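Enquirer: Got a structure for you, questions after.
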Amino acid sequence: MAYNLLRDKKGMIFGALNDKSIAWKVAVRAHEEGARLVLTNTPVAIRMGEINQLSGICNAPVIPADATQIADLENLVNKSMEHFGGQFDFILHSIGMSPNVRKGIPYDDINYEYYLKTLDISALSFHKVIQVCRKLDALNEWGSIVALSYVAAQRTLFGYNDMADAKAVLESIARSFGYIYGREKRIRINTVSQSPTMTTAGSGVKGMDSLIDFTERMSPLGNADADDCADFCIIMFSDLTRKVTMQNLYHDGGFSSMGMSEKAMNQYDKSFRECP
Ligand SMILES: NC(=O)c1ccc[n+]([C@@H]2O[C@H](COP(=O)([O-])OP(=O)(O)OC[C@H]3O[C@@H](n4cnc5c(N)ncnc54)[C@H](O)[C@@H]3O)[C@@H](O)[C@H]2O)c1
């Protein structure tokens, strides 16, 4: 159901690879809510993924950019402003990648070159996007910027590796830049901490099936899926959240406030009984 929440708004969406991507679901919902969009991803993701299909669904151009490269971002923001005929209103940063996770290298034997890449792609890119937009004065007053995070920024979850550190930096950037951009142009910056979700990036996390089962048992409302996340991002881009900034907002069915649930305890009891 659409509510016209983003009527007259224009936004830039990073990170739609295929129809499993959280960014894909956000783009479709934003389009339904009346927004005009620009879609972006790396040239290789555009070639290998399905973003051109999304471009047709949302009637939005795809402008390639590696979000770690300032020149790419400047080109992206300038071209987007040309497309929109001026400033725009919201940005979704939905970008994550760890070469250490990809290659199965554990946290206590980490490759530091890969570690820097993880931080650059998954966290510093958020700073770069915001800094470029601010320098080019690309956003309208009362704009909204959202990045997707994960509870591993606060709690240790086996297998999440250096992505946990990246998410902690990402959330800190939302606070640090949230102050500057809020003070100057009333632009809000938040992170949404999403339940584990079976996407291309998600399925790279060690033991993802077990993690999804565990958090489902632990969360009173069950895991939030990518469609739920899209709904939440729409509210964050809408005028209904104009005074929410510098927050990390949990969107996880209640998981982050739980210690032990009955469903998880039952499962634990069962496996305990099965072990001699
Ligand atoms: N899937 C989950 O369980 C989960 C949970 C919480 C948060 N998140 C976060 O959600 C976001 C989106 O991930 P997803 O689960 O939809 O997976 P996804 O694989 O569909 O999306 C990740 C995207 O990052 C893009 N990307 C990688 N390097 C890039 C670069 N240098 N420049 C620009 N884009 C680049 C990829 O091309 C891809 O489109 C990530 O930040 C992820 O950490 C995911």
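Simple scheme: letters A, B, ... for chains in structure tokens order, numbers from 1 for residues in each chain, numbers from 1 for ligands in the order shown.
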Can you work out which residues are within 6 Å of ligand 1, considering only C-alpha atoms and all ligand atoms, and then hand them over as a ChimeraX atom specification?
Expert: /A:15-17,21-23,41-42,45,66-68,94-97,121,148-150,193-202
Enquirer: Keeping only N, CA and C atoms, write the selected residues to a file as a PDB file, in the first residue's frame.
Expert:
```pdb
ATOM      1  N   GLY A  15      23.755   0.532  -3.909  1.00  0.00           N
ATOM      2  CA  GLY A  15      23.872  -0.856  -3.435  1.00  0.00           C
ATOM      3  C   GLY A  15      22.847  -1.860  -3.884  1.00  0.00           C
ATOM      4  N   ALA A  16      22.039  -1.541  -4.918  1.00  0.00           N
ATOM      5  CA  ALA A  16      21.116  -2.579  -5.424  1.00  0.00           C
ATOM      6  C   ALA A  16      21.874  -3.465  -6.412  1.00  0.00           C
ATOM      7  N   LEU A  17      22.074  -4.707  -6.034  1.00  0.00           N
ATOM      8  CA  LEU A  17      22.794  -5.658  -6.892  1.00  0.00           C
ATOM      9  C   LEU A  17      21.784  -6.535  -7.629  1.00  0.00           C
ATOM     10  N   SER A  21      18.695  -7.736  -2.784  1.00  0.00           N
ATOM     11  CA  SER A  21      19.359  -6.612  -2.106  1.00  0.00           C
ATOM     12  C   SER A  21      18.358  -5.762  -1.332  1.00  0.00           C
ATOM     13  N   ILE A  22      18.770  -5.326  -0.138  1.00  0.00           N
ATOM     14  CA  ILE A  22      17.900  -4.431   0.639  1.00  0.00           C
ATOM     15  C   ILE A  22      17.667  -3.143  -0.164  1.00  0.00           C
ATOM     16  N   ALA A  23      18.728  -2.646  -0.815  1.00  0.00           N
ATOM     17  CA  ALA A  23      18.603  -1.401  -1.600  1.00  0.00           C
ATOM     18  C   ALA A  23      17.573  -1.541  -2.722  1.00  0.00           C
ATOM     19  N   ASN A  41      25.823   1.843  -8.508  1.00  0.00           N
ATOM     20  CA  ASN A  41      26.609   0.722  -7.988  1.00  0.00           C
ATOM     21  C   ASN A  41      27.953   0.736  -8.735  1.00  0.00           C
ATOM     22  N   THR A  42      28.847  -0.169  -8.375  1.00  0.00           N
ATOM     23  CA  THR A  42      30.135  -0.220  -9.073  1.00  0.00           C
ATOM     24  C   THR A  42      29.932  -0.728 -10.505  1.00  0.00           C
ATOM     25  N   ALA A  45      29.443  -4.459 -10.520  1.00  0.00           N
ATOM     26  CA  ALA A  45      28.141  -4.892  -9.981  1.00  0.00           C
ATOM     27  C   ALA A  45      27.029  -4.612 -10.994  1.00  0.00           C
ATOM     28  N   ASP A  66      32.245   3.776  -7.958  1.00  0.00           N
ATOM     29  CA  ASP A  66      32.853   3.053  -6.846  1.00  0.00           C
ATOM     30  C   ASP A  66      32.819   4.043  -5.676  1.00  0.00           C
ATOM     31  N   ALA A  67      32.128   3.673  -4.618  1.00  0.00           N
ATOM     32  CA  ALA A  67      31.891   4.637  -3.526  1.00  0.00           C
ATOM     33  C   ALA A  67      33.140   4.914  -2.697  1.00  0.00           C
ATOM     34  N   THR A  68      34.253   4.282  -3.028  1.00  0.00           N
ATOM     35  CA  THR A  68      35.511   4.607  -2.340  1.00  0.00           C
ATOM     36  C   THR A  68      36.299   5.670  -3.115  1.00  0.00           C
ATOM     37  N   SER A  94      23.861   1.585   1.092  1.00  0.00           N
ATOM     38  CA  SER A  94      23.584   0.165   1.360  1.00  0.00           C
ATOM     39  C   SER A  94      24.754  -0.639   0.781  1.00  0.00           C
ATOM     40  N   ILE A  95      25.925  -0.427   1.367  1.00  0.00           N
ATOM     41  CA  ILE A  95      27.182  -0.914   0.811  1.00  0.00           C
ATOM     42  C   ILE A  95      27.955  -1.667   1.886  1.00  0.00           C
ATOM     43  N   GLY A  96      28.350  -2.874   1.591  1.00  0.00           N
ATOM     44  CA  GLY A  96      29.192  -3.609   2.534  1.00  0.00           C
ATOM     45  C   GLY A  96      29.990  -4.674   1.814  1.00  0.00           C
ATOM     46  N   MET A  97      31.239  -4.827   2.188  1.00  0.00           N
ATOM     47  CA  MET A  97      32.074  -5.886   1.613  1.00  0.00           C
ATOM     48  C   MET A  97      33.343  -6.035   2.445  1.00  0.00           C
ATOM     49  N   ILE A 121      35.508   0.399   2.048  1.00  0.00           N
ATOM     50  CA  ILE A 121      34.258   0.133   1.302  1.00  0.00           C
ATOM     51  C   ILE A 121      33.037   0.257   2.221  1.00  0.00           C
ATOM     52  N   LEU A 148      22.917   1.425   6.219  1.00  0.00           N
ATOM     53  CA  LEU A 148      22.488   0.181   6.863  1.00  0.00           C
ATOM     54  C   LEU A 148      23.611  -0.401   7.707  1.00  0.00           C
ATOM     55  N   SER A 149      23.250  -0.738   8.956  1.00  0.00           N
ATOM     56  CA  SER A 149      24.244  -1.278   9.881  1.00  0.00           C
ATOM     57  C   SER A 149      23.791  -2.614  10.447  1.00  0.00           C
ATOM     58  N   TYR A 150      24.565  -3.093  11.415  1.00  0.00           N
ATOM     59  CA  TYR A 150      24.256  -4.403  12.011  1.00  0.00           C
ATOM     60  C   TYR A 150      24.684  -4.398  13.477  1.00  0.00           C
ATOM     61  N   SER A 193      19.902  -0.462  11.933  1.00  0.00           N
ATOM     62  CA  SER A 193      20.573  -1.722  12.260  1.00  0.00           C
ATOM     63  C   SER A 193      19.601  -2.869  12.016  1.00  0.00           C
ATOM     64  N   GLN A 194      19.820  -3.545  10.913  1.00  0.00           N
ATOM     65  CA  GLN A 194      18.865  -4.497  10.333  1.00  0.00           C
ATOM     66  C   GLN A 194      19.135  -5.932  10.808  1.00  0.00           C
ATOM     67  N   SER A 195      18.063  -6.721  10.928  1.00  0.00           N
ATOM     68  CA  SER A 195      18.176  -8.173  11.209  1.00  0.00           C
ATOM     69  C   SER A 195      19.039  -8.839  10.142  1.00  0.00           C
ATOM     70  N   PRO A 196      19.625 -10.003  10.456  1.00  0.00           N
ATOM     71  CA  PRO A 196      20.296 -10.752   9.391  1.00  0.00           C
ATOM     72  C   PRO A 196      19.293 -11.084   8.275  1.00  0.00           C
ATOM     73  N   THR A 197      19.743 -10.911   7.040  1.00  0.00           N
ATOM     74  CA  THR A 197      18.839 -10.998   5.881  1.00  0.00           C
ATOM     75  C   THR A 197      19.564 -11.777   4.777  1.00  0.00           C
ATOM     76  N   MET A 198      18.864 -12.701   4.128  1.00  0.00           N
ATOM     77  CA  MET A 198      19.529 -13.548   3.130  1.00  0.00           C
ATOM     78  C   MET A 198      19.701 -12.813   1.800  1.00  0.00           C
ATOM     79  N   THR A 199      20.769 -12.050   1.698  1.00  0.00           N
ATOM     80  CA  THR A 199      21.105 -11.343   0.454  1.00  0.00           C
ATOM     81  C   THR A 199      22.463 -11.879  -0.011  1.00  0.00           C
ATOM     82  N   THR A 200      22.999 -11.305  -1.078  1.00  0.00           N
ATOM     83  CA  THR A 200      24.316 -11.753  -1.548  1.00  0.00           C
ATOM     84  C   THR A 200      25.373 -11.476  -0.470  1.00  0.00           C
ATOM     85  N   ALA A 201      25.372 -10.246   0.097  1.00  0.00           N
ATOM     86  CA  ALA A 201      26.347  -9.933   1.154  1.00  0.00           C
ATOM     87  C   ALA A 201      26.074 -10.794   2.389  1.00  0.00           C
ATOM     88  N   GLY A 202      24.801 -10.915   2.753  1.00  0.00           N
ATOM     89  CA  GLY A 202      24.424 -11.670   3.953  1.00  0.00           C
ATOM     90  C   GLY A 202      24.851 -13.120   3.875  1.00  0.00           C
TER      91      GLY A 202
END
```
Enquirer: Please provide as a list in words all residues within 8 Å of Lys263 (chain A), with the sequence filter that same-chain residues fewer than 3 positions apart are discarded (counting only C-alpha atoms).
Expert: Arg217, Met218, Asn266 and Gln267 of chain A
Enquirer: Write the residues of the preceding selection, restricted to C-alpha atoms, as a compact mmCIF listing (two decimals), in the first residue's frame.
Expert:
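Wrote out-v1.txt, looks like this:
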```
# COMPACT_ATOMS: atom_id res chain seq x y z
CA ARG A 217 13.94 -17.51 17.93
CA MET A 218 15.28 -14.62 20.00
CA ASN A 266 13.70 -24.72 24.22
CA GLN A 267 16.11 -25.27 21.37
```
Enquirer: Looking at only C-alpha atoms, which of A:Lys9, A:His251, A:Arg155, A:Lys167 is the one that sits closest to Leu221 (chain A)?
Expert: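 Under the stated criterion, the closest residue is A:His251.
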Enquirer: Taking the chain letters and numbering used in this document, name the residues of region 31-215 of chain A that DSSP puts in strand (DSSP E or B), as a compact mmCIF listing (two decimals) with N, CA and C atoms, in the first residue's frame.
Expert:
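Just written: states-v9.txt:
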```
# COMPACT_ATOMS: atom_id res chain seq x y z
N ARG A 36 11.44 10.39 -7.09
CA ARG A 36 12.27 10.21 -8.30
C ARG A 36 13.64 9.75 -7.83
N LEU A 37 14.26 8.82 -8.57
CA LEU A 37 15.48 8.19 -8.07
C LEU A 37 16.62 8.22 -9.07
N VAL A 38 17.84 8.16 -8.50
CA VAL A 38 19.04 7.78 -9.25
C VAL A 38 19.58 6.53 -8.56
N LEU A 39 19.92 5.52 -9.36
CA LEU A 39 20.49 4.28 -8.81
C LEU A 39 21.97 4.24 -9.13
N THR A 40 22.75 3.67 -8.21
CA THR A 40 24.19 3.57 -8.48
C THR A 40 24.78 2.32 -7.85
N VAL A 62 20.84 4.67 -14.10
CA VAL A 62 21.89 4.03 -13.32
C VAL A 62 23.19 4.75 -13.64
N PHE A 88 18.79 17.32 -4.31
CA PHE A 88 17.90 16.19 -4.01
C PHE A 88 17.73 16.04 -2.49
N ASP A 89 16.96 15.02 -2.08
CA ASP A 89 16.46 15.01 -0.69
C ASP A 89 16.95 13.86 0.18
N PHE A 90 17.25 12.73 -0.42
CA PHE A 90 17.66 11.62 0.44
C PHE A 90 18.69 10.72 -0.23
N ILE A 91 19.40 9.98 0.63
CA ILE A 91 20.44 9.04 0.16
C ILE A 91 20.32 7.76 0.98
N LEU A 92 20.38 6.62 0.31
CA LEU A 92 20.54 5.34 1.01
C LEU A 92 21.94 4.80 0.71
N HIS A 93 22.73 4.60 1.77
CA HIS A 93 24.03 3.93 1.65
C HIS A 93 23.81 2.48 2.07
N LEU A 139 22.34 18.57 -1.39
CA LEU A 139 21.10 18.16 -0.71
C LEU A 139 20.25 19.36 -0.30
N ASN A 140 18.96 19.18 -0.41
CA ASN A 140 18.01 20.19 0.08
C ASN A 140 18.00 20.23 1.60
N GLU A 141 17.61 21.36 2.16
CA GLU A 141 17.39 21.45 3.62
C GLU A 141 16.40 20.38 4.03
N TRP A 142 16.55 19.87 5.25
CA TRP A 142 15.70 18.81 5.80
C TRP A 142 15.83 17.50 5.04
N GLY A 143 16.97 17.33 4.34
CA GLY A 143 17.25 16.06 3.68
C GLY A 143 17.53 14.96 4.69
N SER A 144 17.59 13.72 4.19
CA SER A 144 17.78 12.57 5.08
C SER A 144 18.78 11.59 4.47
N ILE A 145 19.76 11.18 5.28
CA ILE A 145 20.76 10.22 4.82
C ILE A 145 20.71 9.01 5.75
N VAL A 146 20.62 7.81 5.15
CA VAL A 146 20.54 6.58 5.94
C VAL A 146 21.59 5.60 5.44
N ALA A 147 22.27 4.95 6.39
CA ALA A 147 23.15 3.82 6.04
C ALA A 147 22.68 2.59 6.80
N LEU A 148 22.92 1.43 6.22
CA LEU A 148 22.49 0.18 6.86
C LEU A 148 23.61 -0.40 7.71
N SER A 149 23.25 -0.74 8.96
CA SER A 149 24.24 -1.28 9.88
C SER A 149 23.79 -2.61 10.45
N ARG A 188 19.53 15.29 8.26
CA ARG A 188 19.67 14.27 9.30
C ARG A 188 20.41 13.05 8.76
N ILE A 189 21.17 12.43 9.65
CA ILE A 189 21.97 11.25 9.27
C ILE A 189 21.77 10.18 10.33
N ASN A 190 21.32 9.03 9.89
CA ASN A 190 21.06 7.92 10.82
C ASN A 190 21.54 6.61 10.21
N THR A 191 21.71 5.62 11.09
CA THR A 191 21.95 4.26 10.61
C THR A 191 20.78 3.38 11.06
N VAL A 192 20.44 2.42 10.22
CA VAL A 192 19.39 1.45 10.55
C VAL A 192 20.07 0.10 10.73
N SER A 193 19.90 -0.46 11.93
CA SER A 193 20.57 -1.72 12.26
C SER A 193 19.60 -2.87 12.02
N GLN A 194 19.82 -3.54 10.91
CA GLN A 194 18.87 -4.50 10.33
C GLN A 194 19.13 -5.93 10.81
```
Enquirer: Just the number, please: distance in Å from CA of Cys133 (chain A) to CA of Asp239 (chain A), one decimal.
Expert: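 That distance, rounded to one decimal, is 20.1 Å.
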Enquirer: Counting only C-alpha atoms, figure out which residue out of A:Glu50, A:Asp162, A:Asp269, A:Glu171 gets nearest to Asp109 (chain A).
Expert: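 The answer is A:Asp162, which sits nearest to Asp109 (chain A).
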Enquirer: Write out as a list in words which residues come within 9 Å of Ala2 (chain A) when counting only C-alpha atoms, dropping same-chain ones fewer than 6 positions away.
Expert: Arg29, Glu32, Glu33 and Gly34 of chain A
Enquirer: Can you write out the residues you just picked, keeping C-alpha atoms, as an mmCIF file, in the first residue's frame?
Expert:
```
data_model
loop_
_atom_site.group_PDB
_atom_site.id
_atom_site.type_symbol
_atom_site.label_atom_id
_atom_site.label_comp_id
_atom_site.auth_asym_id
_atom_site.auth_seq_id
_atom_site.Cartn_x
_atom_site.Cartn_y
_atom_site.Cartn_z
ATOM 1 C CA ARG A 29 9.131 1.213 -2.233
ATOM 2 C CA GLU A 32 5.855 3.525 -5.136
ATOM 3 C CA GLU A 33 5.810 6.381 -2.622
ATOM 4 C CA GLY A 34 6.329 8.927 -5.389
#
```
Enquirer: For Ile105 (chain A), which residue out of A:Gln87, A:Asn161, A:Ser125, A:Thr156 is the nearest one, using only C-alpha atoms?
Expert: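 Of all the options, A:Asn161 lies closest to Ile105 (chain A).
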Enquirer: Write out as a short mmCIF file (atom, residue, chain, number, x, y, z; two decimals) with C-alpha atoms, in the first residue's frame each polymer residue whose atoms come within 8 Å of Val26 (chain A), counting only C-alpha atoms; drop sequence neighbours fewer than 3 positions from it.
Expert:
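File out.cif, as written:
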```cif
data_model
loop_
_atom_site.label_atom_id
_atom_site.label_comp_id
_atom_site.auth_asym_id
_atom_site.auth_seq_id
_atom_site.Cartn_x
_atom_site.Cartn_y
_atom_site.Cartn_z
CA ILE A 22 17.90 -4.43 0.64
CA ALA A 23 18.60 -1.40 -1.60
CA ARG A 29 9.13 1.21 -2.23
CA ALA A 30 10.54 4.74 -2.73
CA ASP A 227 10.73 -5.57 2.66
CA CYS A 229 13.55 -2.70 6.14
CA ALA A 230 12.42 -0.86 3.00
CA ASP A 231 9.27 0.34 4.80
CA CYS A 233 13.78 3.47 5.33
CA ILE A 234 10.82 5.17 3.61
#
```
Enquirer: Just the residues within 12 Å of Leu119 (chain A), please, counting only C-alpha atoms, with nothing from its chain fewer than 2 positions along; format it as a PyMOL selection string.
Expert: chain A and resi 68+95-100+112-117+121-127+161-170
Enquirer: For Val205 (chain A), which residue among A:Lys79, A:Arg175, A:Lys103, A:Arg134 is the nearest when counting only C-alpha atoms?
Expert: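 Looking only at the distances to Val205 (chain A), the closest residue turns out to be A:Lys103.
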Enquirer: From a DSSP pass on the backbone, collect the residues of region 4-110 of chain A flagged as alpha helix (DSSP H) and hand them back as a ChimeraX atom specification.
Expert: /A:22-32,43-48,51-58,70-84,99-102
Enquirer: What does the distance from CA of Met260 (chain A) to CA of Asp228 (chain A) come to in Å, to one decimal?
Expert: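 Computing the Euclidean distance for CA of Met260 (chain A) and CA of Asp228 (chain A) yields 23.7 Å.
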Enquirer: What lies within 12 Å of Gly207 (chain A) using only C-alpha atoms, ignoring chain neighbours under 2 positions off, as number ranges by chain?
Expert: A: 101, 104, 157-160, 196, 198, 202-205, 209-214
Enquirer: Using only C-alpha atoms, which of the listed residues (A:Asp225, A:Glu216, A:Asp19, A:Asp120) sits closest to Gln53 (chain A)?
Expert: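 Of A:Asp225, A:Glu216, A:Asp19, A:Asp120, the one nearest Gln53 (chain A) is A:Asp19, counting only C-alpha atoms.
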